[in-house]
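Structure first, then comments.
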Amino acid sequence: MDTQYTALNYEDMKCMWLSQFDLSSIYCENGKQRDAESFRALMATVLDNVKANGMNTVILQLRPNADSMYPSEIYPPSAYVVGAYGNNFSYDAVEIVLELAKERELSIHAWINPLRAMTDTQIRRVPRSYTIRKWLDDEDLCGKYMVQVGDNWYLNPAYAEVRELILDGAREIMQKYDFDGLHMDDYFYPTTEASFDAAAYKEYKQNGGKKSVESFRKENLNLLVSGLWQMTKSVNPEMIFGISPAGNNQLNYNELYADVGTWVKGGYVDYIIPQLYFGYDFSIERLQYDNLVYEWSKYKNDVTIYAGLGAYKIGNATGSEKDEWSSGCIMEKMINYSRGYKYSGFVIFSYTSLFSDDELNTEERNRIFNLIGDN
């Protein structure tokens, strides 16, 4: 990483999430990492499409399942890049993405999912040299640092050692590459069940803690979020750190334990991207798009807000939303509506939902470009 690097972040963000699902067939071919020349060509096309359609920023998934899309000392190689857990990288694909993005003057943020790990079958293939596998194999730590919910394992942020692993992994990204920012998505606590962190909460209470388990969990995430913000600024004060919480803030607070109201007050995040993935005609009135835009706008004086838009619903919505997501103009309408509430831009989930040969997706994309292409 260039220590003199000046981060590139646009005042009016027009952004595309690039998820592991968007890029898995670009990273991989026939169950292994695609050759570098072919990857470069395919990735260049993705970024050319983004740039040509008026976007100025991409958010690149680097850690979907306690793994890594780049060669890491801390997390194991992601199956989305190398084909299967236990395989190794043949080259650094992320380095190529950074190079291509900067050639196109695209701002690029590193996206991590902090808590969710792999399925049980997948994690058993991870080499024992990695911390998450060591914790899994340790009878004193398995079920505490690593907790299984359904078939998936999760990191437990109640422990300082776990939060430090997440911080170390994010720091590695920021120090290794010239990203313009760090981004975290909405996968926080995976369950409300008391068993998830019962041992940690019992220890907390024995040491004099007074908070309810709900407040205890919120504080654990607050410590993680503030730590990520501080780490980002320590690496490069010009980098920005943000989170895309669920659009339903009652869900955030009561089930995911994401205390967004605290995060926006300073020292936690530079921006938020609420996932406003509901139509104007959604069956629950408080979650209808216009009502959510208004509700989230109350934070605009505290923190930068971008509208998260769910392009995956184009032509795929059901129920009361079905017709409006089949009109070919809903996202244009959504972007204009959020601008009316002084949002600082928008982010679309995700690339393959908008850049396909489907006639409806093409119409939506053309309308968005006509709206933003010259601005």
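Residues are referred to by chain and number: the chain letter is A, B, ... according to the order shown in the structure tokens, the number counts from 1 in that chain, and ligands are numbered separately from 1 in the order shown.
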
(request) Can you pull out every residue within 8 Å of A:Ala93, counting only C-alpha atoms, but drop anything in the same chain fewer than 4 positions away, and send it as number ranges by chain? (result) A: 27, 36, 39, 69-70, 97

(request) With a distance cut-off of 10 Å and only C-alpha atoms, select the neighbouring residues of stretch 198-203 of chain A, excluding the residue or stretch itself and same-chain residues fewer than 4 positions from it, and output the selection as a VMD selection string. (result) chain A and resid 143 to 145 156 to 159 193 to 194 207 to 209 211 to 213 216 to 217

(request) Give the answer as one residue: which of A:Tyr177, A:Tyr294, A:Tyr299, A:Tyr257 has the shortest atom-to-atom distance to A:Asp270, using only C-alpha atoms? (result)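 For A:Asp270, the nearest of the given residues is A:Tyr299.
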
Test item: residues at most 6 Å from A:Gly328, only C-alpha atoms, excluding those fewer than 6 positions along its chain, as a PDB file with all heavy atoms, in the first residue's frame:
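Here's the written file around_12.pdb:
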```pdb
ATOM      1  N   LEU A 360     -36.234  -6.125 -19.168  1.00  0.00           N
ATOM      2  CA  LEU A 360     -36.663  -5.251 -18.078  1.00  0.00           C
ATOM      3  C   LEU A 360     -35.463  -4.650 -17.361  1.00  0.00           C
ATOM      4  O   LEU A 360     -35.442  -3.451 -17.048  1.00  0.00           O
ATOM      5  CB  LEU A 360     -37.540  -6.034 -17.098  1.00  0.00           C
ATOM      6  CG  LEU A 360     -38.223  -5.232 -15.976  1.00  0.00           C
ATOM      7  CD1 LEU A 360     -39.127  -4.150 -16.561  1.00  0.00           C
ATOM      8  CD2 LEU A 360     -39.027  -6.168 -15.080  1.00  0.00           C
ATOM      9  N   GLU A 363     -34.017  -1.906 -19.481  1.00  0.00           N
ATOM     10  CA  GLU A 363     -34.807  -0.679 -19.427  1.00  0.00           C
ATOM     11  C   GLU A 363     -34.533   0.096 -18.142  1.00  0.00           C
ATOM     12  O   GLU A 363     -34.358   1.323 -18.167  1.00  0.00           O
ATOM     13  CB  GLU A 363     -36.298  -0.997 -19.537  1.00  0.00           C
ATOM     14  CG  GLU A 363     -37.174   0.258 -19.545  1.00  0.00           C
ATOM     15  CD  GLU A 363     -38.661  -0.061 -19.691  1.00  0.00           C
ATOM     16  OE1 GLU A 363     -38.999  -1.240 -19.884  1.00  0.00           O
ATOM     17  OE2 GLU A 363     -39.458   0.886 -19.598  1.00  0.00           O
ATOM     18  N   GLU A 364     -34.490  -0.612 -17.008  1.00  0.00           N
ATOM     19  CA  GLU A 364     -34.171   0.055 -15.739  1.00  0.00           C
ATOM     20  C   GLU A 364     -32.787   0.694 -15.808  1.00  0.00           C
ATOM     21  O   GLU A 364     -32.587   1.831 -15.374  1.00  0.00           O
ATOM     22  CB  GLU A 364     -34.220  -0.956 -14.587  1.00  0.00           C
ATOM     23  CG  GLU A 364     -35.599  -1.438 -14.213  1.00  0.00           C
ATOM     24  CD  GLU A 364     -36.334  -0.476 -13.292  1.00  0.00           C
ATOM     25  OE1 GLU A 364     -35.831   0.648 -13.054  1.00  0.00           O
ATOM     26  OE2 GLU A 364     -37.421  -0.834 -12.812  1.00  0.00           O
TER      27      GLU A 364
END
```

(request) Tell me which of A:Ser283, A:Asn88, A:Asn65, A:Gln275 sits closest to A:Ile112, counting only C-alpha atoms. (result)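 Using only C-alpha atoms, A:Ile112 sits closest to A:Asn65.
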
Restrict the calculation to only C-alpha atoms, then for each residue of stretch 76-110 of chain A with any atom at most 12 Å from an atom of stretch 56-59 of chain A give the closest atom pair and their distance in Å to one decimal, rows by chain and rising residue number, as a tab-separated table.
```
residue	atom	partner	partner_atom	distance
A:Val97	CA	A:Val58	CA	10.5
A:Leu98	CA	A:Val58	CA	10.4
A:Leu100	CA	A:Val58	CA	11.6
A:Ala101	CA	A:Val58	CA	8.4
A:Lys102	CA	A:Thr57	CA	10.4
A:Arg104	CA	A:Asn56	CA	8.9
A:Glu105	CA	A:Asn56	CA	7.4
A:Leu106	CA	A:Asn56	CA	5.1
A:Ser107	CA	A:Thr57	CA	4.5
A:Ile108	CA	A:Val58	CA	5.0
A:His109	CA	A:Ile59	CA	4.7
A:Ala110	CA	A:Ile59	CA	6.1
```

(message) Nearest residue to A:Ile368 out of A:Cys15, A:Asp140, A:Asp151, A:Tyr253, using only C-alpha atoms?
(response) A:Cys15

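Using only C-alpha atoms for every distance, the candidate list A:Asn366, A:Gly310, A:Leu251, A:Met239 yields A:Met239 as the residue closest to A:Thr6.
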
Return as a PDB file with N, CA, C and O atoms, in the first residue's frame the full set of residues in stretch 98-318 of chain A whose backbone-based DSSP assignment is strand (DSSP E or B).
```
ATOM      1  N   SER A 107     -14.020   5.003  -7.380  1.00  0.00           N
ATOM      2  CA  SER A 107     -13.752   4.784  -5.967  1.00  0.00           C
ATOM      3  C   SER A 107     -14.100   3.339  -5.644  1.00  0.00           C
ATOM      4  O   SER A 107     -15.055   2.777  -6.184  1.00  0.00           O
ATOM      5  N   ILE A 108     -13.321   2.721  -4.749  1.00  0.00           N
ATOM      6  CA  ILE A 108     -13.560   1.313  -4.441  1.00  0.00           C
ATOM      7  C   ILE A 108     -13.401   1.076  -2.940  1.00  0.00           C
ATOM      8  O   ILE A 108     -12.395   1.458  -2.341  1.00  0.00           O
ATOM      9  N   HIS A 109     -14.432   0.456  -2.348  1.00  0.00           N
ATOM     10  CA  HIS A 109     -14.455   0.171  -0.920  1.00  0.00           C
ATOM     11  C   HIS A 109     -14.368  -1.336  -0.694  1.00  0.00           C
ATOM     12  O   HIS A 109     -14.910  -2.120  -1.469  1.00  0.00           O
ATOM     13  N   ALA A 110     -13.711  -1.715   0.389  1.00  0.00           N
ATOM     14  CA  ALA A 110     -13.567  -3.113   0.778  1.00  0.00           C
ATOM     15  C   ALA A 110     -14.728  -3.503   1.679  1.00  0.00           C
ATOM     16  O   ALA A 110     -14.989  -2.855   2.692  1.00  0.00           O
ATOM     17  N   TRP A 111     -15.400  -4.580   1.342  1.00  0.00           N
ATOM     18  CA  TRP A 111     -16.632  -5.004   2.019  1.00  0.00           C
ATOM     19  C   TRP A 111     -16.365  -6.278   2.800  1.00  0.00           C
ATOM     20  O   TRP A 111     -15.899  -7.274   2.254  1.00  0.00           O
ATOM     21  N   ILE A 112     -16.659  -6.232   4.102  1.00  0.00           N
ATOM     22  CA  ILE A 112     -16.507  -7.416   4.948  1.00  0.00           C
ATOM     23  C   ILE A 112     -17.837  -7.773   5.614  1.00  0.00           C
ATOM     24  O   ILE A 112     -18.634  -6.908   5.949  1.00  0.00           O
ATOM     25  N   ARG A 116     -20.479 -13.850  10.155  1.00  0.00           N
ATOM     26  CA  ARG A 116     -20.886 -15.115   9.546  1.00  0.00           C
ATOM     27  C   ARG A 116     -19.687 -15.880   9.001  1.00  0.00           C
ATOM     28  O   ARG A 116     -18.870 -15.334   8.268  1.00  0.00           O
ATOM     29  N   ALA A 117     -19.606 -17.166   9.343  1.00  0.00           N
ATOM     30  CA  ALA A 117     -18.565 -18.035   8.807  1.00  0.00           C
ATOM     31  C   ALA A 117     -19.195 -19.055   7.857  1.00  0.00           C
ATOM     32  O   ALA A 117     -20.289 -18.846   7.337  1.00  0.00           O
ATOM     33  N   MET A 118     -18.502 -20.171   7.642  1.00  0.00           N
ATOM     34  CA  MET A 118     -18.950 -21.158   6.660  1.00  0.00           C
ATOM     35  C   MET A 118     -19.908 -22.159   7.288  1.00  0.00           C
ATOM     36  O   MET A 118     -20.193 -22.126   8.478  1.00  0.00           O
ATOM     37  N   THR A 119     -20.374 -23.064   6.461  1.00  0.00           N
ATOM     38  CA  THR A 119     -21.128 -24.209   6.961  1.00  0.00           C
ATOM     39  C   THR A 119     -20.176 -25.149   7.693  1.00  0.00           C
ATOM     40  O   THR A 119     -18.938 -25.045   7.579  1.00  0.00           O
ATOM     41  N   CYS A 142     -14.759 -23.660  21.301  1.00  0.00           N
ATOM     42  CA  CYS A 142     -15.844 -23.989  20.377  1.00  0.00           C
ATOM     43  C   CYS A 142     -17.174 -23.902  21.128  1.00  0.00           C
ATOM     44  O   CYS A 142     -17.340 -24.478  22.205  1.00  0.00           O
ATOM     45  N   MET A 146     -16.649 -19.433  18.585  1.00  0.00           N
ATOM     46  CA  MET A 146     -17.332 -19.893  17.379  1.00  0.00           C
ATOM     47  C   MET A 146     -18.626 -20.583  17.801  1.00  0.00           C
ATOM     48  O   MET A 146     -18.597 -21.510  18.608  1.00  0.00           O
ATOM     49  N   VAL A 147     -19.758 -20.112  17.253  1.00  0.00           N
ATOM     50  CA  VAL A 147     -21.061 -20.642  17.648  1.00  0.00           C
ATOM     51  C   VAL A 147     -21.805 -21.104  16.398  1.00  0.00           C
ATOM     52  O   VAL A 147     -21.855 -20.386  15.390  1.00  0.00           O
ATOM     53  N   GLN A 148     -22.399 -22.285  16.473  1.00  0.00           N
ATOM     54  CA  GLN A 148     -23.143 -22.813  15.338  1.00  0.00           C
ATOM     55  C   GLN A 148     -24.619 -22.467  15.475  1.00  0.00           C
ATOM     56  O   GLN A 148     -25.235 -22.699  16.512  1.00  0.00           O
ATOM     57  N   VAL A 149     -25.173 -21.878  14.404  1.00  0.00           N
ATOM     58  CA  VAL A 149     -26.604 -21.587  14.324  1.00  0.00           C
ATOM     59  C   VAL A 149     -27.101 -22.238  13.037  1.00  0.00           C
ATOM     60  O   VAL A 149     -26.707 -21.832  11.940  1.00  0.00           O
ATOM     61  N   ASN A 152     -24.627 -23.094   9.890  1.00  0.00           N
ATOM     62  CA  ASN A 152     -23.557 -22.118   9.762  1.00  0.00           C
ATOM     63  C   ASN A 152     -22.891 -21.822  11.103  1.00  0.00           C
ATOM     64  O   ASN A 152     -23.543 -21.812  12.146  1.00  0.00           O
ATOM     65  N   TRP A 153     -21.598 -21.573  11.035  1.00  0.00           N
ATOM     66  CA  TRP A 153     -20.853 -21.109  12.187  1.00  0.00           C
ATOM     67  C   TRP A 153     -20.756 -19.582  12.154  1.00  0.00           C
ATOM     68  O   TRP A 153     -20.719 -18.981  11.081  1.00  0.00           O
ATOM     69  N   TYR A 154     -20.699 -18.977  13.340  1.00  0.00           N
ATOM     70  CA  TYR A 154     -20.604 -17.526  13.476  1.00  0.00           C
ATOM     71  C   TYR A 154     -19.559 -17.171  14.527  1.00  0.00           C
ATOM     72  O   TYR A 154     -19.389 -17.881  15.527  1.00  0.00           O
ATOM     73  N   LEU A 155     -18.884 -16.052  14.308  1.00  0.00           N
ATOM     74  CA  LEU A 155     -18.010 -15.491  15.321  1.00  0.00           C
ATOM     75  C   LEU A 155     -18.862 -14.767  16.353  1.00  0.00           C
ATOM     76  O   LEU A 155     -19.853 -14.112  16.006  1.00  0.00           O
ATOM     77  N   GLY A 181     -12.143   3.029   1.196  1.00  0.00           N
ATOM     78  CA  GLY A 181     -12.959   2.922   2.386  1.00  0.00           C
ATOM     79  C   GLY A 181     -13.176   1.478   2.773  1.00  0.00           C
ATOM     80  O   GLY A 181     -12.829   0.545   2.035  1.00  0.00           O
ATOM     81  N   LEU A 182     -13.755   1.298   3.953  1.00  0.00           N
ATOM     82  CA  LEU A 182     -14.111  -0.013   4.486  1.00  0.00           C
ATOM     83  C   LEU A 182     -15.617  -0.046   4.675  1.00  0.00           C
ATOM     84  O   LEU A 182     -16.218   0.933   5.142  1.00  0.00           O
ATOM     85  N   HIS A 183     -16.227  -1.187   4.352  1.00  0.00           N
ATOM     86  CA  HIS A 183     -17.678  -1.310   4.370  1.00  0.00           C
ATOM     87  C   HIS A 183     -18.084  -2.599   5.065  1.00  0.00           C
ATOM     88  O   HIS A 183     -17.465  -3.654   4.867  1.00  0.00           O
ATOM     89  N   MET A 184     -19.143  -2.522   5.873  1.00  0.00           N
ATOM     90  CA  MET A 184     -19.657  -3.684   6.581  1.00  0.00           C
ATOM     91  C   MET A 184     -21.146  -3.824   6.276  1.00  0.00           C
ATOM     92  O   MET A 184     -21.866  -2.821   6.232  1.00  0.00           O
ATOM     93  N   ILE A 240     -12.873   6.167   4.459  1.00  0.00           N
ATOM     94  CA  ILE A 240     -14.137   6.250   5.174  1.00  0.00           C
ATOM     95  C   ILE A 240     -14.649   4.850   5.496  1.00  0.00           C
ATOM     96  O   ILE A 240     -14.339   3.881   4.805  1.00  0.00           O
ATOM     97  N   PHE A 241     -15.418   4.772   6.576  1.00  0.00           N
ATOM     98  CA  PHE A 241     -15.973   3.494   7.037  1.00  0.00           C
ATOM     99  C   PHE A 241     -17.482   3.640   7.165  1.00  0.00           C
ATOM    100  O   PHE A 241     -17.978   4.596   7.757  1.00  0.00           O
ATOM    101  N   GLY A 242     -18.207   2.666   6.594  1.00  0.00           N
ATOM    102  CA  GLY A 242     -19.651   2.725   6.671  1.00  0.00           C
ATOM    103  C   GLY A 242     -20.287   1.356   6.771  1.00  0.00           C
ATOM    104  O   GLY A 242     -19.638   0.325   6.562  1.00  0.00           O
ATOM    105  N   ILE A 243     -21.576   1.367   7.089  1.00  0.00           N
ATOM    106  CA  ILE A 243     -22.351   0.145   7.295  1.00  0.00           C
ATOM    107  C   ILE A 243     -23.653   0.243   6.524  1.00  0.00           C
ATOM    108  O   ILE A 243     -24.237   1.330   6.406  1.00  0.00           O
ATOM    109  N   ALA A 246     -30.014  -3.097   7.836  1.00  0.00           N
ATOM    110  CA  ALA A 246     -31.320  -3.428   7.279  1.00  0.00           C
ATOM    111  C   ALA A 246     -32.191  -2.179   7.248  1.00  0.00           C
ATOM    112  O   ALA A 246     -32.083  -1.298   8.111  1.00  0.00           O
ATOM    113  N   TYR A 271     -20.629   6.874   7.211  1.00  0.00           N
ATOM    114  CA  TYR A 271     -21.854   6.843   6.412  1.00  0.00           C
ATOM    115  C   TYR A 271     -22.671   5.608   6.752  1.00  0.00           C
ATOM    116  O   TYR A 271     -22.158   4.638   7.310  1.00  0.00           O
ATOM    117  N   ILE A 272     -23.947   5.652   6.407  1.00  0.00           N
ATOM    118  CA  ILE A 272     -24.796   4.471   6.461  1.00  0.00           C
ATOM    119  C   ILE A 272     -25.543   4.342   5.134  1.00  0.00           C
ATOM    120  O   ILE A 272     -25.838   5.348   4.475  1.00  0.00           O
ATOM    121  N   GLN A 275     -30.745  -0.425   3.784  1.00  0.00           N
ATOM    122  CA  GLN A 275     -31.171  -1.276   2.673  1.00  0.00           C
ATOM    123  C   GLN A 275     -32.680  -1.080   2.458  1.00  0.00           C
ATOM    124  O   GLN A 275     -33.501  -1.770   3.033  1.00  0.00           O
ATOM    125  N   THR A 304     -23.533  10.905   6.858  1.00  0.00           N
ATOM    126  CA  THR A 304     -23.860  10.817   5.441  1.00  0.00           C
ATOM    127  C   THR A 304     -24.735   9.592   5.193  1.00  0.00           C
ATOM    128  O   THR A 304     -24.449   8.501   5.701  1.00  0.00           O
ATOM    129  N   ILE A 305     -25.805   9.775   4.404  1.00  0.00           N
ATOM    130  CA  ILE A 305     -26.737   8.680   4.127  1.00  0.00           C
ATOM    131  C   ILE A 305     -26.828   8.455   2.621  1.00  0.00           C
ATOM    132  O   ILE A 305     -26.996   9.408   1.846  1.00  0.00           O
ATOM    133  N   ALA A 307     -28.897   5.806  -0.217  1.00  0.00           N
ATOM    134  CA  ALA A 307     -30.038   4.890  -0.336  1.00  0.00           C
ATOM    135  C   ALA A 307     -29.578   3.558  -0.916  1.00  0.00           C
ATOM    136  O   ALA A 307     -29.019   3.510  -2.013  1.00  0.00           O
ATOM    137  N   GLY A 308     -29.811   2.479  -0.195  1.00  0.00           N
ATOM    138  CA  GLY A 308     -29.529   1.143  -0.705  1.00  0.00           C
ATOM    139  C   GLY A 308     -30.730   0.621  -1.473  1.00  0.00           C
ATOM    140  O   GLY A 308     -31.834   0.540  -0.922  1.00  0.00           O
ATOM    141  N   LEU A 309     -30.550   0.283  -2.743  1.00  0.00           N
ATOM    142  CA  LEU A 309     -31.659  -0.085  -3.632  1.00  0.00           C
ATOM    143  C   LEU A 309     -31.522  -1.541  -4.078  1.00  0.00           C
ATOM    144  O   LEU A 309     -30.445  -1.981  -4.490  1.00  0.00           O
ATOM    145  N   GLY A 310     -32.628  -2.274  -4.038  1.00  0.00           N
ATOM    146  CA  GLY A 310     -32.599  -3.712  -4.305  1.00  0.00           C
ATOM    147  C   GLY A 310     -32.964  -4.068  -5.732  1.00  0.00           C
ATOM    148  O   GLY A 310     -34.094  -4.488  -6.005  1.00  0.00           O
TER     149      GLY A 310
END
```
